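Have a look at the structure below, then the notes.
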Amino acid sequence: MYTIWQGVSAFICLIREDNRPSEFTLLTGADVASGLADGLPIGLGYFAVSFAFGLAAVEGGLSAWMATVISLTNLTSAGQFAGLQLIFAHRPLVEIALTTVLINLRYMLMSLSLSQKLVPGTGLVQRLLIGFGVTDEIYAVSVSHPGSISTRYSLSLLLLPLLGWTGGTLTGALAGSVLPGSVRAALGIALYAMFVAIVMPTIRRSRPVALVAGVAVGVSTLIAQAPPLTMLRGGWQIILATIVASALGAVLAPIHVGEPGQTEEVS
Amino acid sequence: MMDNPAYLAAAIATMAVVTYIPRVLPLLLVRGRIQSNFLRSFLYYVPYAVLSGMTIPAIFSATTTPVSAAAGLLVAIGLGLSGRTLLTVALGASGTVWIIERLLAIL
């Protein structure tokens with residue numbers, strides 16, 4: 001997801017050119033306008049990716065309505081996709097909860113960092129609302145926003161990505177019955193390709209991340225293929241692969257506290 | 001799952017809640033930084049481990065045959081290494097799968 005942000009950052013800078021934060025940042029209009037402007041490219045990218053999610057959900061037997069509710073209430077890619085697989089496999093709720101929470105652990109890091117950016121005095125209800133909008137891209141845009149961020153800015157920034165993500169899901173879900181089978185089959189790979197696109201740029205420049213990714217693939221494949229480990233197939237497969245690989249990375253190549261760009265690199 | 005709307009509703013609600021909690025908790029509770037270097041490092045690696053473990057081997061059963069999936073994966077890796085956008089990589093891989101599967105149908 002970080003890649004989308006890289007791709008649109010130049011565009012955002014263009015918009016910001018005559019919209020530099022100043023004492024006017026506290027004015028409603030400027031905050032709402034810059035939030036919407038920053039959110040537009042994210043929303044467009046989300047639309048395209050969630051189209052594939054809607055398609056996959058309907059393909060597996062969910063109604064378009066249910067697929068749309070998932071996107072509206074979850075607003076996340078990897079977690080939704082994993083959850084979808086587990087729902088299709090009719091796995092127990094505890095497994096769905098564990099898998100989703102593990103996949104979304106990274107949001108804790110982002111929210112932690114974001115909590116330092118909020119305007120002092122941001123209230124409880126406002127924090128509850130802002131927290132809903134912590135995604136990889138929204139976080140990336142928020143922390144690169146100069147100065148503190150107001151609730152109005154955060155919620156304006158959230159609006160178009162949320163619309164794009166939900167609308168893309170609905171469109172993909174409805175288009176499923178129109179698209180020919182060969183195209184639907186080909187789009188089945190789209191979400192996986194997106195995950196590859198998120199991971200590869202970092203793998204290229206970070207040997208530890210490459211190692212972690214390799215170990216995760218190894219453990220996941222082992223559980224999928226090698227009995228008796230296959231009894232763990234499904235949610236536990238991803239949980240175990242993630243814990244083993246990430247712990248190995250944390251032991252062999254710990255990240256140094258305060259290292260610049262650390263949280264920004266998390267996708 | 002369509003014949004069990006209660007399970008479906010509960011599953012979606014579960015997903016929504018456990019997605020929301022990690023996002024909102026730090027905003028509500030934590031004012032400082034995580035001190036444990038192990039935990040920080042672990043959390044740093046989590047997204048890469050999750051996405052990699054989710055992609056392989058599952059990607060090989062995402063299309064009609066593992067052959068087209070492998071071709072799509074290779075294209076995705078190539079495009080991803082050269083830093084293309086998510087949309088480009090997704091469409092490139094999907095296009096590859098479509099072409100390979102048309103070819104296989106002819107052969």
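In the structure tokens, each chain is lettered A, B, ... as it comes, each chain's residues begin at 1, and ligands are numbered from 1 in order of appearance.
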
**Q.** Distance-based interface of chain B with chain A, 6 Å, counting only C-alpha atoms, as a VMD selection string
**A.** chain B and resid 16 18 22 to 24 26 to 27 38 41 to 43 45 to 46 48 to 53 55 to 57 62 to 63 76 80 to 81 83 85 to 86 90 94 97 to 98

Q) Among chain B, which residues carry a DSSP assignment of alpha helix (DSSP H), reported as a PyMOL selection string? A) chain B and resi 5-28+37-55+66-81+86-106

Quick one: write out the picked residues with C-alpha atoms as a compact mmCIF listing (two decimals), in the first residue's frame?
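Wrote out-v1.txt, looks like this:
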# COMPACT_ATOMS: atom_id res chain seq x y z
CA PRO B 5 -26.63 -15.56 8.12
CA ALA B 6 -25.95 -15.55 11.88
CA TYR B 7 -22.45 -16.92 11.37
CA LEU B 8 -21.82 -14.44 8.56
CA ALA B 9 -22.99 -11.46 10.61
CA ALA B 10 -20.95 -12.58 13.61
CA ALA B 11 -17.85 -13.10 11.45
CA ILE B 12 -18.14 -9.65 9.88
CA ALA B 13 -18.73 -8.01 13.26
CA THR B 14 -15.73 -9.88 14.70
CA MET B 15 -13.51 -8.72 11.85
CA ALA B 16 -14.67 -5.12 12.21
CA VAL B 17 -14.08 -5.06 15.98
CA VAL B 18 -10.63 -6.67 15.94
CA THR B 19 -9.61 -4.39 13.08
CA TYR B 20 -10.78 -1.31 14.96
CA ILE B 21 -9.22 -2.08 18.34
CA PRO B 22 -5.54 -2.00 17.29
CA ARG B 23 -6.21 1.24 15.43
CA VAL B 24 -7.91 3.09 18.24
CA LEU B 25 -6.27 1.73 21.41
CA PRO B 26 -2.94 3.55 21.05
CA LEU B 27 -4.76 6.80 20.30
CA LEU B 28 -6.74 6.39 23.52
CA ASN B 37 12.90 -3.08 21.09
CA PHE B 38 11.92 -6.68 20.42
CA LEU B 39 8.25 -5.76 20.19
CA ARG B 40 8.95 -2.79 17.95
CA SER B 41 11.08 -4.94 15.65
CA PHE B 42 8.50 -7.72 15.68
CA LEU B 43 5.74 -5.29 14.72
CA TYR B 44 7.95 -3.83 12.00
CA TYR B 45 8.31 -7.23 10.32
CA VAL B 46 4.71 -8.37 10.77
CA PRO B 47 3.19 -6.84 7.60
CA TYR B 48 5.85 -8.37 5.36
CA ALA B 49 5.50 -11.78 6.97
CA VAL B 50 1.71 -11.69 6.79
CA LEU B 51 1.54 -10.66 3.15
CA SER B 52 4.23 -13.12 2.04
CA GLY B 53 2.71 -16.03 3.96
CA MET B 54 -0.73 -15.19 2.63
CA THR B 55 0.45 -14.98 -0.98
CA PRO B 66 -1.17 -23.33 -11.08
CA VAL B 67 0.70 -22.70 -14.35
CA SER B 68 -1.09 -19.41 -15.07
CA ALA B 69 -0.78 -18.42 -11.40
CA ALA B 70 2.98 -19.02 -11.50
CA ALA B 71 3.27 -16.85 -14.60
CA GLY B 72 1.22 -14.12 -12.96
CA LEU B 73 3.34 -14.34 -9.81
CA LEU B 74 6.57 -13.97 -11.80
CA VAL B 75 5.21 -10.90 -13.58
CA ALA B 76 4.04 -9.43 -10.27
CA ILE B 77 7.47 -9.98 -8.71
CA GLY B 78 9.18 -8.38 -11.69
CA LEU B 79 6.88 -5.36 -11.74
CA GLY B 80 7.04 -5.09 -7.95
CA LEU B 81 10.84 -5.14 -7.93
CA LEU B 86 -0.22 -1.50 -6.96
CA LEU B 87 -2.66 -0.97 -9.80
CA THR B 88 -0.02 -1.62 -12.49
CA VAL B 89 1.18 -4.79 -10.77
CA ALA B 90 -2.37 -6.09 -10.21
CA LEU B 91 -3.40 -5.47 -13.81
CA GLY B 92 -0.11 -6.82 -15.21
CA ALA B 93 -0.47 -10.07 -13.27
CA SER B 94 -4.17 -10.42 -14.14
CA GLY B 95 -3.46 -9.77 -17.84
CA THR B 96 -0.71 -12.38 -17.81
CA VAL B 97 -3.02 -14.95 -16.24
CA TRP B 98 -5.71 -14.20 -18.81
CA ILE B 99 -3.31 -14.59 -21.75
CA ILE B 100 -1.73 -17.79 -20.41
CA GLU B 101 -5.13 -19.36 -19.76
CA ARG B 102 -6.32 -18.46 -23.30
CA LEU B 103 -3.14 -20.05 -24.69
CA LEU B 104 -3.62 -23.18 -22.59
CA ALA B 105 -7.21 -23.43 -23.80
CA ILE B 106 -6.02 -23.40 -27.42

Q) From the set A:Leu36, A:Leu179, A:Ala64, A:Val119, which residue has the shortest atom-to-atom contact distance to Ser148 (chain A), counting only C-alpha atoms? A) A:Val119

Q. If you measure from CA of Tyr153 (chain A) to CA of Arg84 (chain B), what distance in Å do you get, rounded to one decimal?
A.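 Atom-to-atom, CA of Tyr153 (chain A) to CA of Arg84 (chain B), that is 29.1 Å.
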
Q. What is the CA of Ser177 (chain A) to CA of Asn4 (chain B) distance in Å?
A. 22.7 Å

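Put simply, CA of Gly172 (chain A) is 19.6 Å away from CA of Thr64 (chain B).
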